[in-house]
$ cat run_2.txt   # compact mmCIF, C-alpha atoms
# COMPACT_ATOMS: atom_id res chain seq x y z
CA MET A 1 17.44 -5.58 26.00
CA VAL A 2 16.88 -3.37 22.97
CA ASN A 3 13.38 -3.57 21.51
CA LYS A 4 14.34 -3.70 17.85
CA LEU A 5 10.79 -3.46 16.58
CA SER A 6 10.23 -0.23 18.52
CA ILE A 7 13.33 1.26 16.91
CA VAL A 8 12.12 0.21 13.45
CA LYS A 9 8.78 1.84 14.24
CA GLU A 10 10.47 5.08 15.31
CA PHE A 11 12.68 5.02 12.21
CA ALA A 12 9.63 4.67 9.95
CA GLN A 13 7.87 7.48 11.78
CA ASN A 14 10.82 9.83 11.28
CA GLN A 15 11.03 8.93 7.60
CA LEU A 16 7.33 9.45 6.83
CA LYS A 17 6.29 12.18 9.27
CA ASN A 18 6.12 14.86 6.56
CA ASP A 19 4.32 12.80 3.92
CA LYS A 20 1.32 14.52 2.31
CA THR A 21 0.28 11.78 -0.14
CA GLY A 22 -1.66 9.43 2.12
CA HIS A 23 1.41 7.28 2.80
CA ASP A 24 2.18 8.91 6.14
CA PHE A 25 2.90 7.20 9.45
CA ASN A 26 -0.79 6.91 10.28
CA HIS A 27 -1.12 4.76 7.16
CA ILE A 28 1.76 2.64 8.43
CA LEU A 29 0.08 2.18 11.81
CA ARG A 30 -3.14 1.03 10.13
CA VAL A 31 -1.21 -1.42 7.95
CA VAL A 32 0.57 -2.81 11.01
CA LYS A 33 -2.78 -3.19 12.79
CA ASN A 34 -4.21 -4.99 9.76
CA ALA A 35 -1.15 -7.25 9.65
CA GLN A 36 -1.54 -8.14 13.33
CA LEU A 37 -5.19 -8.97 12.74
CA ILE A 38 -4.31 -11.25 9.82
CA LEU A 39 -1.42 -12.84 11.74
CA ALA A 40 -3.90 -14.11 14.33
CA GLY A 41 -5.23 -16.53 11.73
CA GLU A 42 -1.97 -17.47 9.97
CA SER A 43 1.23 -19.30 10.81
CA ALA A 44 4.02 -16.88 9.91
CA ASN A 45 7.14 -15.08 11.16
CA SER A 46 5.47 -12.15 12.90
CA GLU A 47 8.65 -10.07 13.25
CA LEU A 48 9.35 -10.34 9.52
CA VAL A 49 5.76 -9.29 8.81
CA LEU A 50 5.84 -6.30 11.16
CA VAL A 51 9.29 -5.02 10.15
CA SER A 52 8.22 -5.17 6.51
CA ALA A 53 4.92 -3.46 7.29
CA TYR A 54 6.63 -0.60 9.12
CA LEU A 55 9.17 -0.05 6.32
CA HIS A 56 7.16 -0.77 3.17
CA ASP A 57 6.77 2.86 2.07
CA VAL A 58 10.09 4.28 3.25
CA PHE A 59 11.83 3.87 -0.13
CA ASP A 60 8.79 3.83 -2.42
CA ASP A 61 9.95 5.19 -5.79
CA LYS A 62 6.71 7.11 -6.39
CA LEU A 63 7.15 9.05 -3.16
CA ILE A 64 10.84 9.95 -2.92
CA GLU A 65 13.48 11.30 -5.29
CA ASP A 66 16.33 8.92 -4.45
CA PRO A 67 14.96 5.47 -3.54
CA ALA A 68 18.35 3.78 -3.99
CA SER A 69 20.04 5.76 -1.22
CA LYS A 70 16.99 5.33 1.02
CA ARG A 71 17.13 1.56 0.47
CA GLN A 72 20.73 1.60 1.61
CA GLU A 73 19.78 3.62 4.68
CA VAL A 74 17.13 1.04 5.58
CA ARG A 75 19.56 -1.83 5.10
CA GLN A 76 22.14 -0.08 7.28
CA LYS A 77 19.57 0.54 10.04
CA LEU A 78 18.45 -3.09 10.09
CA THR A 79 22.07 -4.26 10.07
CA GLU A 80 22.89 -1.97 12.99
CA LEU A 81 19.96 -3.47 14.89
CA GLY A 82 21.49 -6.92 14.49
CA TYR A 83 19.10 -8.44 11.99
CA PRO A 84 20.86 -11.14 9.93
CA SER A 85 21.40 -10.56 6.24
CA ASN A 86 18.94 -13.27 5.17
CA PHE A 87 16.20 -11.63 7.28
CA ILE A 88 16.96 -8.24 5.71
CA ASP A 89 16.91 -9.78 2.23
CA GLN A 90 13.45 -11.21 2.98
CA VAL A 91 12.22 -7.77 4.06
CA PHE A 92 13.36 -6.28 0.75
CA GLU A 93 11.91 -9.23 -1.19
CA ILE A 94 8.50 -8.56 0.36
CA ILE A 95 8.58 -4.80 -0.15
CA ASP A 96 9.88 -5.02 -3.72
CA ASN A 97 7.20 -7.46 -4.85
CA MET A 98 4.05 -6.56 -2.90
CA SER A 99 2.80 -3.44 -4.71
CA PHE A 100 0.00 -3.36 -7.23
CA SER A 101 2.29 -1.91 -9.91
CA ALA A 102 4.92 -4.61 -9.35
CA ASN A 103 2.28 -7.24 -10.14
CA LEU A 104 0.78 -5.66 -13.26
CA ALA A 105 2.86 -7.57 -15.80
CA GLN A 106 2.88 -10.83 -13.87
CA LYS A 107 1.72 -11.86 -10.42
CA LYS A 108 4.65 -12.21 -8.05
CA THR A 109 5.04 -15.24 -5.82
CA LEU A 110 5.14 -14.08 -2.20
CA SER A 111 5.92 -15.91 1.03
CA ILE A 112 3.10 -16.13 3.56
CA GLU A 113 4.72 -13.16 5.30
CA GLY A 114 4.68 -11.21 2.04
CA GLN A 115 1.07 -12.15 1.42
CA ILE A 116 0.09 -10.85 4.86
CA VAL A 117 1.87 -7.51 4.40
CA GLN A 118 0.41 -7.17 0.90
CA ASP A 119 -3.11 -7.82 2.21
CA ALA A 120 -2.63 -5.45 5.14
CA ASP A 121 -1.49 -2.64 2.84
CA ARG A 122 -4.23 -3.25 0.30
CA LEU A 123 -6.93 -3.21 2.95
CA ASP A 124 -5.95 0.37 3.76
CA ALA A 125 -6.42 1.29 0.10
CA ILE A 126 -10.11 0.33 0.10
CA GLY A 127 -13.21 1.26 2.08
CA ALA A 128 -13.82 4.65 3.69
CA VAL A 129 -10.17 5.42 4.44
CA GLY A 130 -9.20 4.15 1.00
CA ILE A 131 -11.61 6.60 -0.63
CA ALA A 132 -10.17 9.47 1.39
CA ARG A 133 -6.60 8.44 0.55
CA ALA A 134 -7.39 8.21 -3.17
CA PHE A 135 -8.60 11.81 -3.29
CA TYR A 136 -5.81 13.01 -0.99
CA TYR A 137 -3.17 11.39 -3.22
CA GLY A 138 -4.79 12.60 -6.43
CA GLY A 139 -5.06 16.15 -5.16
CA HIS A 140 -1.44 16.15 -4.05
CA PHE A 141 -0.29 15.23 -7.55
CA GLY A 142 -2.77 17.51 -9.34
CA GLU A 143 -4.96 14.81 -10.84
CA THR A 144 -8.41 15.61 -12.21
CA MET A 145 -11.11 14.45 -9.80
CA TYR A 146 -13.45 13.13 -12.49
CA ASP A 147 -14.07 13.45 -16.20
CA PRO A 148 -16.75 11.13 -17.66
CA GLU A 149 -15.15 11.56 -21.08
CA ILE A 150 -11.93 9.91 -19.85
CA LEU A 151 -12.41 6.16 -19.61
CA PRO A 152 -10.52 3.90 -17.19
CA ARG A 153 -7.35 2.48 -18.70
CA GLN A 154 -6.98 -1.23 -19.46
CA GLN A 155 -3.98 -3.58 -19.62
CA MET A 156 -1.49 -1.15 -18.11
CA ASN A 157 2.18 -1.77 -17.42
CA LYS A 158 3.92 0.00 -14.55
CA THR A 159 4.96 2.98 -16.68
CA ALA A 160 1.43 3.56 -17.98
CA TYR A 161 -0.04 3.04 -14.52
CA ARG A 162 2.16 5.78 -13.10
CA GLN A 163 0.90 8.32 -15.64
CA PRO A 164 -1.72 10.73 -14.22
CA GLY A 165 -5.35 9.76 -14.66
CA THR A 166 -8.49 10.76 -12.79
CA VAL A 167 -9.21 9.91 -9.17
CA ILE A 168 -12.50 8.22 -9.98
CA ASN A 169 -10.86 6.12 -12.69
CA HIS A 170 -8.33 4.95 -10.10
CA PHE A 171 -11.15 2.99 -8.45
CA TYR A 172 -11.72 1.02 -11.66
CA GLU A 173 -8.05 0.75 -12.58
CA LYS A 174 -6.95 -0.53 -9.18
CA LEU A 175 -9.04 -0.22 -6.03
CA LEU A 176 -12.05 -2.30 -7.07
CA LYS A 177 -9.71 -5.06 -8.25
CA LEU A 178 -8.07 -5.54 -4.86
CA LYS A 179 -10.89 -7.54 -3.25
CA ASP A 180 -10.28 -10.47 -5.59
CA GLN A 181 -6.52 -10.26 -5.11
CA MET A 182 -6.48 -10.73 -1.33
CA ASN A 183 -4.45 -13.73 -0.19
CA THR A 184 -5.79 -14.55 3.27
CA ILE A 185 -9.26 -15.45 4.53
CA THR A 186 -9.23 -12.59 7.04
CA ALA A 187 -8.41 -10.01 4.38
CA GLN A 188 -10.93 -11.46 1.95
CA THR A 189 -13.68 -11.11 4.54
CA ILE A 190 -12.83 -7.49 5.36
CA ALA A 191 -12.39 -6.60 1.69
CA LYS A 192 -15.93 -7.71 0.80
CA GLN A 193 -17.40 -5.15 3.21
CA ARG A 194 -15.12 -2.36 2.04
CA GLN A 195 -15.81 -3.16 -1.61
CA ARG A 196 -19.54 -2.66 -1.05
CA PHE A 197 -18.87 0.71 0.57
CA MET A 198 -16.79 1.86 -2.41
CA LEU A 199 -19.41 0.73 -4.92
CA ASP A 200 -22.12 2.60 -3.01
CA PHE A 201 -19.90 5.69 -2.91
CA LEU A 202 -19.27 5.61 -6.65
CA GLU A 203 -22.96 5.24 -7.38
CA LYS A 204 -23.81 8.23 -5.19
CA PHE A 205 -20.89 10.26 -6.54
CA LYS A 206 -21.96 9.83 -10.15
CA SER A 207 -25.59 10.52 -9.26
CA GLU A 208 -24.68 13.82 -7.59
CA TRP A 209 -22.29 14.65 -10.45
CA GLY A 210 -25.25 14.47 -12.79
CA GLN A 211 -24.76 11.21 -14.65
$ encode --input "run_2.txt" --output "structure tokens"
Amino acid sequence: MVNKLSIVKEFAQNQLKNDKTGHDFNHILRVVKNAQLILAGESANSELVLVSAYLHDVFDDKLIEDPASKRQEVRQKLTELGYPSNFIDQVFEIIDNMSFSANLAQKKTLSIEGQIVQDADRLDAIGAVGIARAFYYGGHFGETMYDPEILPRQQMNKTAYRQPGTVINHFYEKLLKLKDQMNTITAQTIAKQRQRFMLDFLEKFKSEWGQ
């Protein structure tokens, strides 16, 4: 019997193996681990959660040049594996509506499976690894590390959010907001600890910077 989830995992690994933005396959593995941890306390379709977790960055429009063709490639792969069309549609529904930028204008309504994947992904954006990923991503795209004269942006839409800022401002524009946006009890508990770590880091960073 073909282990479909293993093939999805391998597909995601091949797609993301060359990523240098902090959205590489190691990120995917951490998100999957987070999702499995959250699943232990929730009643949900675990295969839908894990397939979505493995694939959630494969056609991310901030990472690749042609997301439309990549979406089609993902759909074709899942179809070849024998997943029914309604299952595949649910995977895309989760991935299309889980990101921070997709929820800037209005909070999207997600299934419990979508909420779990969203929480799992957001947990990897905060805490020690989240700090490292923020600087790794910012450096990759040539962002300024910090400028105290540039204030964090408020009330952004997706277009404004995607414009370059500073790495430190990214904490105030997004990362520090994620704790209060977690859906599940498990994620909320973990997020509280990681939030404290980020706040301590920012305090020390600004102190050493000279503020």
$ closest_residue --input "run_2.txt" --among "A:Thr189, A:Asp121, A:Ile95, A:Tyr83" --to "A:Lys33" --atoms "all atoms listed in the file"
A:Asp121
$ closest_residue --input "run_2.txt" --among "A:Lys107, A:Met98, A:Asp24, A:Arg196" --to "A:Tyr137" --atoms "only C-alpha atoms"
A:Asp24
$ axis_aligned_box --input "run_2.txt" --around "stretch 3-15 of chain A" --padding-each-side "8 Å" --output "AutoDock Vina command-line options"
--center_x 11.1 --center_y 3.1 --center_z 14.6 --size_x 22.5 --size_y 29.5 --size_z 29.9
$ closest_residue --input "run_2.txt" --among "A:Val167, A:Ala68, A:Ala160, A:Leu199" --to "A:His140" --atoms "only C-alpha atoms"
A:Val167
$ atom_distance --input "run_2.txt" --atom1 "atom CA of A:Gly130" --atom2 "atom CA of A:Ala102"
19.6 Å
$ atom_distance --input "run_2.txt" --atom1 "atom CA of A:Asn3" --atom2 "atom CA of A:Val49"
15.9 Å
$ atom_distance --input "run_2.txt" --atom1 "atom CA of A:Ala191" --atom2 "atom CA of A:Lys179"
5.2 Å
$ closest_residue --input "run_2.txt" --among "A:Thr144, A:Gln155, A:Ser99, A:Thr166" --to "A:Gln181" --atoms "only C-alpha atoms"
A:Ser99
$ residues_around --input "run_2.txt" --residues "A:Asn183" --least-positions-apart "4" --cutoff "12 Å" --atoms "all atoms listed in the file" --output "list in words"
Ile38, Glu42, Met98, Thr109, Leu110, Ser111, Ile112, Glu113, Gly114, Gln115, Ile116, Val117, Gln118, Asp119, Ala120, Asp121, Arg122, Leu123, Leu178, Lys179, Ala187, Gln188, Thr189, Ile190 and Ala191 of chain A
$ closest_residue --input "run_2.txt" --among "A:Asn45, A:Pro152, A:Asn26, A:Lys4" --to "A:Glu80" --atoms "all atoms listed in the file"
A:Lys4
$ build_atoms --input "run_2.txt" --residues "stretch 127-148 of chain A" --atoms "N, CA, C and O atoms" --output "short mmCIF file (atom, residue, chain, number, x, y, z; two decimals), in the coordinates of the input"
data_model
loop_
_atom_site.label_atom_id
_atom_site.label_comp_id
_atom_site.auth_asym_id
_atom_site.auth_seq_id
_atom_site.Cartn_x
_atom_site.Cartn_y
_atom_site.Cartn_z
N GLY A 127 -12.29 0.85 1.03
CA GLY A 127 -13.21 1.26 2.08
C GLY A 127 -13.19 2.76 2.28
O GLY A 127 -12.73 3.52 1.41
N ALA A 128 -13.68 3.22 3.42
CA ALA A 128 -13.82 4.65 3.69
C ALA A 128 -12.46 5.37 3.70
O ALA A 128 -12.30 6.42 3.07
N VAL A 129 -11.50 4.81 4.41
CA VAL A 129 -10.17 5.42 4.44
C VAL A 129 -9.54 5.36 3.06
O VAL A 129 -8.88 6.31 2.63
N GLY A 130 -9.75 4.27 2.35
CA GLY A 130 -9.20 4.15 1.00
C GLY A 130 -9.73 5.22 0.06
O GLY A 130 -8.99 5.77 -0.76
N ILE A 131 -11.02 5.53 0.17
CA ILE A 131 -11.61 6.60 -0.63
C ILE A 131 -10.94 7.93 -0.31
O ILE A 131 -10.55 8.68 -1.21
N ALA A 132 -10.80 8.21 0.98
CA ALA A 132 -10.17 9.47 1.39
C ALA A 132 -8.73 9.54 0.89
O ALA A 132 -8.29 10.59 0.39
N ARG A 133 -8.00 8.45 0.99
CA ARG A 133 -6.60 8.44 0.55
C ARG A 133 -6.49 8.63 -0.96
O ARG A 133 -5.56 9.28 -1.44
N ALA A 134 -7.43 8.06 -1.71
CA ALA A 134 -7.39 8.21 -3.17
C ALA A 134 -7.51 9.68 -3.58
O ALA A 134 -6.76 10.16 -4.43
N PHE A 135 -8.43 10.40 -2.95
CA PHE A 135 -8.60 11.81 -3.29
C PHE A 135 -7.45 12.66 -2.74
O PHE A 135 -7.02 13.62 -3.38
N TYR A 136 -6.94 12.29 -1.59
CA TYR A 136 -5.81 13.01 -0.99
C TYR A 136 -4.57 12.88 -1.89
O TYR A 136 -3.89 13.86 -2.19
N TYR A 137 -4.31 11.65 -2.34
CA TYR A 137 -3.17 11.39 -3.22
C TYR A 137 -3.35 12.09 -4.56
O TYR A 137 -2.44 12.75 -5.07
N GLY A 138 -4.53 11.97 -5.14
CA GLY A 138 -4.79 12.60 -6.43
C GLY A 138 -4.67 14.10 -6.38
O GLY A 138 -4.12 14.73 -7.29
N GLY A 139 -5.17 14.70 -5.32
CA GLY A 139 -5.06 16.15 -5.16
C GLY A 139 -3.62 16.58 -5.00
O GLY A 139 -3.20 17.61 -5.57
N HIS A 140 -2.85 15.81 -4.26
CA HIS A 140 -1.44 16.15 -4.05
C HIS A 140 -0.68 16.22 -5.37
O HIS A 140 0.16 17.10 -5.58
N PHE A 141 -1.00 15.29 -6.28
CA PHE A 141 -0.29 15.23 -7.55
C PHE A 141 -1.04 15.92 -8.68
O PHE A 141 -0.66 15.78 -9.86
N GLY A 142 -2.09 16.68 -8.35
CA GLY A 142 -2.77 17.51 -9.34
C GLY A 142 -3.63 16.75 -10.32
O GLY A 142 -3.88 17.23 -11.44
N GLU A 143 -4.11 15.58 -9.93
CA GLU A 143 -4.96 14.81 -10.84
C GLU A 143 -6.36 15.41 -10.92
O GLU A 143 -6.85 16.02 -9.96
N THR A 144 -7.02 15.22 -12.05
CA THR A 144 -8.41 15.61 -12.21
C THR A 144 -9.28 14.70 -11.34
O THR A 144 -9.05 13.48 -11.30
N MET A 145 -10.26 15.27 -10.66
CA MET A 145 -11.11 14.45 -9.80
C MET A 145 -11.95 13.47 -10.63
O MET A 145 -11.98 12.27 -10.35
N TYR A 146 -12.60 14.00 -11.66
CA TYR A 146 -13.45 13.13 -12.49
C TYR A 146 -13.70 13.80 -13.82
O TYR A 146 -13.87 15.01 -13.91
N ASP A 147 -13.70 13.00 -14.86
CA ASP A 147 -14.07 13.45 -16.20
C ASP A 147 -14.73 12.26 -16.89
O ASP A 147 -14.04 11.30 -17.25
N PRO A 148 -16.06 12.29 -17.06
CA PRO A 148 -16.75 11.13 -17.66
C PRO A 148 -16.32 10.84 -19.08
O PRO A 148 -16.57 9.75 -19.59
#
